[in-house]
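**Student:** If you scroll down you'll find the structure; I have some questions about it.
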Amino acid sequence: MGRRELWTDGRLRAAAACQDWAAVFRRYRELSGLSQQGLGELVGLTQGHVSNIERGLRKVTSSEVVARIMRGLDVPTEVGQAVHDRALSEWGPDPELRDRVARAQTLGRTDLRTAERLQRVLTEHRRTEDEVGGRVLWPVVRSQLDAITRIIPESSGETADTLLLLAAEHAHWLSWVAWQERKGVGPALAWADTAHGWAVEGGHADMASWVLRLRSYYMLKGGDPVRALRTAEGARTHSDLSPAARAAATHQTAMSAAAVGERDRARRLADEALRLARLAPEEEDRPGWLYFLDETRAQLQHAATAYACRRWADAVEGFRAALPALEGYPRDHAHYAARLADAERRA
């Protein structure tokens, strides 16, 4: 694996964005198989110096040493430009970001290799978020979005549409993390609106539906189930949806229906969502943001609707059957385990 390919790893990128050089060195060596001596040769440090950094006995404070590390490890531009404190203070999208895309030209071509690499990286970030949290990855993803929007004005046709989808995926991720980090509904909705606009402009029905589903989730959690149901219906009835995207929107509609007391309807929708999820293709053929929607997740969502409908025995049965497969996802496992315990108590 080349040095640049190592940087598709989410934990490595997060460590670099936080300037945690001890973690960078350890993770880089783990991925590359390099010894401390070998890594030291890349960055111009002795083996002892590398060892002391990894063990926390020595800090990297010199800008000259940081520059050598960045060059030696071939840190991607978007990671190097991710300034941690600045990025974390700007949780909402800035006007320049939208203006940059709005001024896209109708002529010209762009090289898609950068976009393809960032697509792979974002997929890795989604998987890594459960381990390290979204906050530490925020500056990297925000910087990646800047990189994408800078090349959109140079593109046209299918290339521009591909880049708009990638930009929408990044904006969706930023919306979700802003919500998870409790930065208020304003930044989360602003990013969601930006993502939806780019998805519609690029002709990507699955992403447009997914963002509406996300908005419905925010409304439901915010205590407005009526608006949540209306928005989820909009996500579900989007035309030309893939089975996976329609399954996700239908599940959200079921949860919203349960919240307004339409339990029979919620149950029918939950059954439909499970059926649609089972029609979805294998992971590599699903939209990247729906990588998680396998049989286990589909069963857990079905059980979650039963829980929302107060069908405690059905919820217990569904959670018990699917929960063991979530051992590798500590945050999600804890969430559904708590639901299971509560359903058992109520049953």
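Ordered as shown in the structure tokens, chains take letters A, B, and onward, while each chain numbers its residues from 1 and ligands are numbered from 1 in the order shown.
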Near Trp7 of chain A, within 9 Å and counting only C-alpha atoms, which residues show up once chain neighbours fewer than 2 positions away are dropped, as JSON, numbers by chain?
**Tutor:** {"A": [3, 4, 5, 9, 10, 12, 13, 28, 74, 75, 76, 121]}
**Student:** DSSP on the backbone, then: every residue of segment 208-257 of chain A marked helix (DSSP H, G or I), written as a ChimeraX atom specification.
**Tutor:** /A:208-221,225-236,243-257
**Student:** Near Arg278 of chain A, within 9 Å and counting only C-alpha atoms, which residues show up once chain neighbours fewer than 2 positions away are dropped, as a PyMOL selection string?
**Tutor:** chain A and resi 243-244+247+273-276+280-281+294-295+298
**Student:** Just the number, please: distance in Å from atom CA of Ala195 of chain A to atom CA of His172 of chain A, one decimal.
**Tutor:**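 Interatomic distance here is 5.6 Å.
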**Student:** Could you name the residues that touch segment 19-24 of chain A at 8 Å or less, counting only C-alpha atoms, but leaving out those on the same chain fewer than 3 positions away, as a list in words?
**Tutor:**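 Everything that qualifies: Leu12, Ala15, Ala16, Arg27, Tyr28, Ile53, Glu54, Arg55, Gly56 and Val60 of chain A.
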**Student:** What lies within 12 Å of Arg311 of chain A using only C-alpha atoms, ignoring chain neighbours under 6 positions off, as a PDB file with N, CA, C and O atoms, in the first residue's frame?
**Tutor:**
```pdb
ATOM      1  N   ALA A 258     -45.747   6.264  14.487  1.00  0.00           N
ATOM      2  CA  ALA A 258     -45.905   5.758  15.854  1.00  0.00           C
ATOM      3  C   ALA A 258     -45.970   6.899  16.853  1.00  0.00           C
ATOM      4  O   ALA A 258     -46.737   6.862  17.827  1.00  0.00           O
ATOM      5  N   ARG A 263     -50.446   3.677  15.217  1.00  0.00           N
ATOM      6  CA  ARG A 263     -49.629   2.487  15.442  1.00  0.00           C
ATOM      7  C   ARG A 263     -49.866   1.388  14.413  1.00  0.00           C
ATOM      8  O   ARG A 263     -48.926   0.680  14.044  1.00  0.00           O
ATOM      9  N   ASP A 264     -51.079   1.234  13.960  1.00  0.00           N
ATOM     10  CA  ASP A 264     -51.334   0.224  12.924  1.00  0.00           C
ATOM     11  C   ASP A 264     -50.597   0.592  11.636  1.00  0.00           C
ATOM     12  O   ASP A 264     -49.998  -0.257  10.985  1.00  0.00           O
ATOM     13  N   ALA A 266     -47.955   2.462  11.482  1.00  0.00           N
ATOM     14  CA  ALA A 266     -46.520   2.328  11.757  1.00  0.00           C
ATOM     15  C   ALA A 266     -46.073   0.880  11.591  1.00  0.00           C
ATOM     16  O   ALA A 266     -45.001   0.601  11.043  1.00  0.00           O
ATOM     17  N   ARG A 267     -46.909  -0.041  12.045  1.00  0.00           N
ATOM     18  CA  ARG A 267     -46.561  -1.457  11.936  1.00  0.00           C
ATOM     19  C   ARG A 267     -46.492  -1.890  10.468  1.00  0.00           C
ATOM     20  O   ARG A 267     -45.574  -2.607  10.069  1.00  0.00           O
ATOM     21  N   HIS A 302     -36.700  -2.569  12.596  1.00  0.00           N
ATOM     22  CA  HIS A 302     -38.043  -3.156  12.732  1.00  0.00           C
ATOM     23  C   HIS A 302     -38.402  -3.273  14.213  1.00  0.00           C
ATOM     24  O   HIS A 302     -39.539  -2.952  14.624  1.00  0.00           O
ATOM     25  N   ALA A 303     -37.451  -3.705  15.018  1.00  0.00           N
ATOM     26  CA  ALA A 303     -37.688  -3.816  16.457  1.00  0.00           C
ATOM     27  C   ALA A 303     -37.879  -2.443  17.092  1.00  0.00           C
ATOM     28  O   ALA A 303     -38.682  -2.280  18.022  1.00  0.00           O
ATOM     29  N   ALA A 304     -37.154  -1.444  16.585  1.00  0.00           N
ATOM     30  CA  ALA A 304     -37.284  -0.090  17.123  1.00  0.00           C
ATOM     31  C   ALA A 304     -38.692   0.460  16.886  1.00  0.00           C
ATOM     32  O   ALA A 304     -39.246   1.172  17.736  1.00  0.00           O
ATOM     33  N   THR A 305     -39.276   0.125  15.737  1.00  0.00           N
ATOM     34  CA  THR A 305     -40.651   0.564  15.482  1.00  0.00           C
ATOM     35  C   THR A 305     -41.620  -0.139  16.431  1.00  0.00           C
ATOM     36  O   THR A 305     -42.564   0.479  16.948  1.00  0.00           O
ATOM     37  N   GLU A 317     -38.090  -9.495  21.280  1.00  0.00           N
ATOM     38  CA  GLU A 317     -37.707 -10.571  20.368  1.00  0.00           C
ATOM     39  C   GLU A 317     -36.778 -10.056  19.261  1.00  0.00           C
ATOM     40  O   GLU A 317     -35.750 -10.678  18.951  1.00  0.00           O
ATOM     41  N   GLY A 318     -37.114  -8.908  18.684  1.00  0.00           N
ATOM     42  CA  GLY A 318     -36.307  -8.362  17.596  1.00  0.00           C
ATOM     43  C   GLY A 318     -34.935  -7.906  18.059  1.00  0.00           C
ATOM     44  O   GLY A 318     -33.921  -8.194  17.405  1.00  0.00           O
ATOM     45  N   ASP A 342     -35.155  -1.856  28.552  1.00  0.00           N
ATOM     46  CA  ASP A 342     -36.389  -1.178  28.886  1.00  0.00           C
ATOM     47  C   ASP A 342     -37.602  -1.952  28.394  1.00  0.00           C
ATOM     48  O   ASP A 342     -38.622  -2.063  29.111  1.00  0.00           O
ATOM     49  N   ALA A 343     -37.492  -2.527  27.197  1.00  0.00           N
ATOM     50  CA  ALA A 343     -38.621  -3.314  26.666  1.00  0.00           C
ATOM     51  C   ALA A 343     -38.866  -4.553  27.520  1.00  0.00           C
ATOM     52  O   ALA A 343     -40.016  -4.936  27.769  1.00  0.00           O
ATOM     53  N   GLU A 344     -37.787  -5.197  27.980  1.00  0.00           N
ATOM     54  CA  GLU A 344     -37.922  -6.362  28.859  1.00  0.00           C
ATOM     55  C   GLU A 344     -38.626  -5.991  30.151  1.00  0.00           C
ATOM     56  O   GLU A 344     -39.485  -6.720  30.640  1.00  0.00           O
ATOM     57  N   ARG A 346     -40.703  -3.491  30.630  1.00  0.00           N
ATOM     58  CA  ARG A 346     -42.106  -3.169  30.369  1.00  0.00           C
ATOM     59  C   ARG A 346     -42.919  -4.400  29.988  1.00  0.00           C
ATOM     60  O   ARG A 346     -44.099  -4.501  30.323  1.00  0.00           O
ATOM     61  N   ALA A 347     -42.284  -5.345  29.289  1.00  0.00           N
ATOM     62  CA  ALA A 347     -43.008  -6.547  28.895  1.00  0.00           C
ATOM     63  C   ALA A 347     -43.370  -7.399  30.094  1.00  0.00           C
ATOM     64  O   ALA A 347     -44.372  -8.082  30.076  1.00  0.00           O
TER      65      ALA A 347
END
```
**Student:** Compile the contact shell of Ala188 of chain A as a list in words: residues with an atom at most 10 Å away, counting only C-alpha atoms, same-chain residues fewer than 6 positions apart removed.
**Tutor:**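 So the residues in contact are Trp91, Gly92, Pro93, Ala171, His172, Trp173, Leu174, Ser175, Trp176, Val177, Ala178, Trp179, Gln180, Glu181, Arg182, Leu214, Arg215 and Tyr218 of chain A.
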**Student:** Give me the residues near Asp332 of chain A as a ChimeraX atom specification, where near means some atom within 10 Å (using only C-alpha atoms) and where sequence neighbours in that chain fewer than 5 positions away do not count.
**Tutor:** /A:130,323,326-327,337-338
**Student:** Using only C-alpha atoms, pick whichever of A:Val136, A:Leu97, A:Ala248, A:Val200 has the shortest atom-to-atom distance to Thr149 of chain A.
**Tutor:**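 Of all the options, A:Leu97 lies closest to Thr149 of chain A.
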**Student:** Have a look at A:Phe25, A:Gln144, A:Leu122, A:Arg331 and name the one nearest to Gly80 of chain A; count only C-alpha atoms.
**Tutor:**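 The answer is A:Gln144, which sits nearest to Gly80 of chain A.
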**Student:** State, in Å with one decimal place, the distance from atom CA of Trp138 of chain A to atom CA of Arg297 of chain A.
**Tutor:**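 Going from atom CA of Trp138 of chain A over to atom CA of Arg297 of chain A, I get 25.3 Å.
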**Student:** May I ask which of the residues A:Ala147, A:Leu39, A:Met207, A:Leu164 is the closest one to Ile69 of chain A, counting only C-alpha atoms?
**Tutor:**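 With only C-alpha atoms as the atom set, the closest residue is A:Leu39.
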**Student:** Hey, can you check how far atom CA of Arg320 of chain A sits from atom CA of Met255 of chain A?
**Tutor:**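 One can read the atom CA of Arg320 of chain A to atom CA of Met255 of chain A distance as 19.8 Å.
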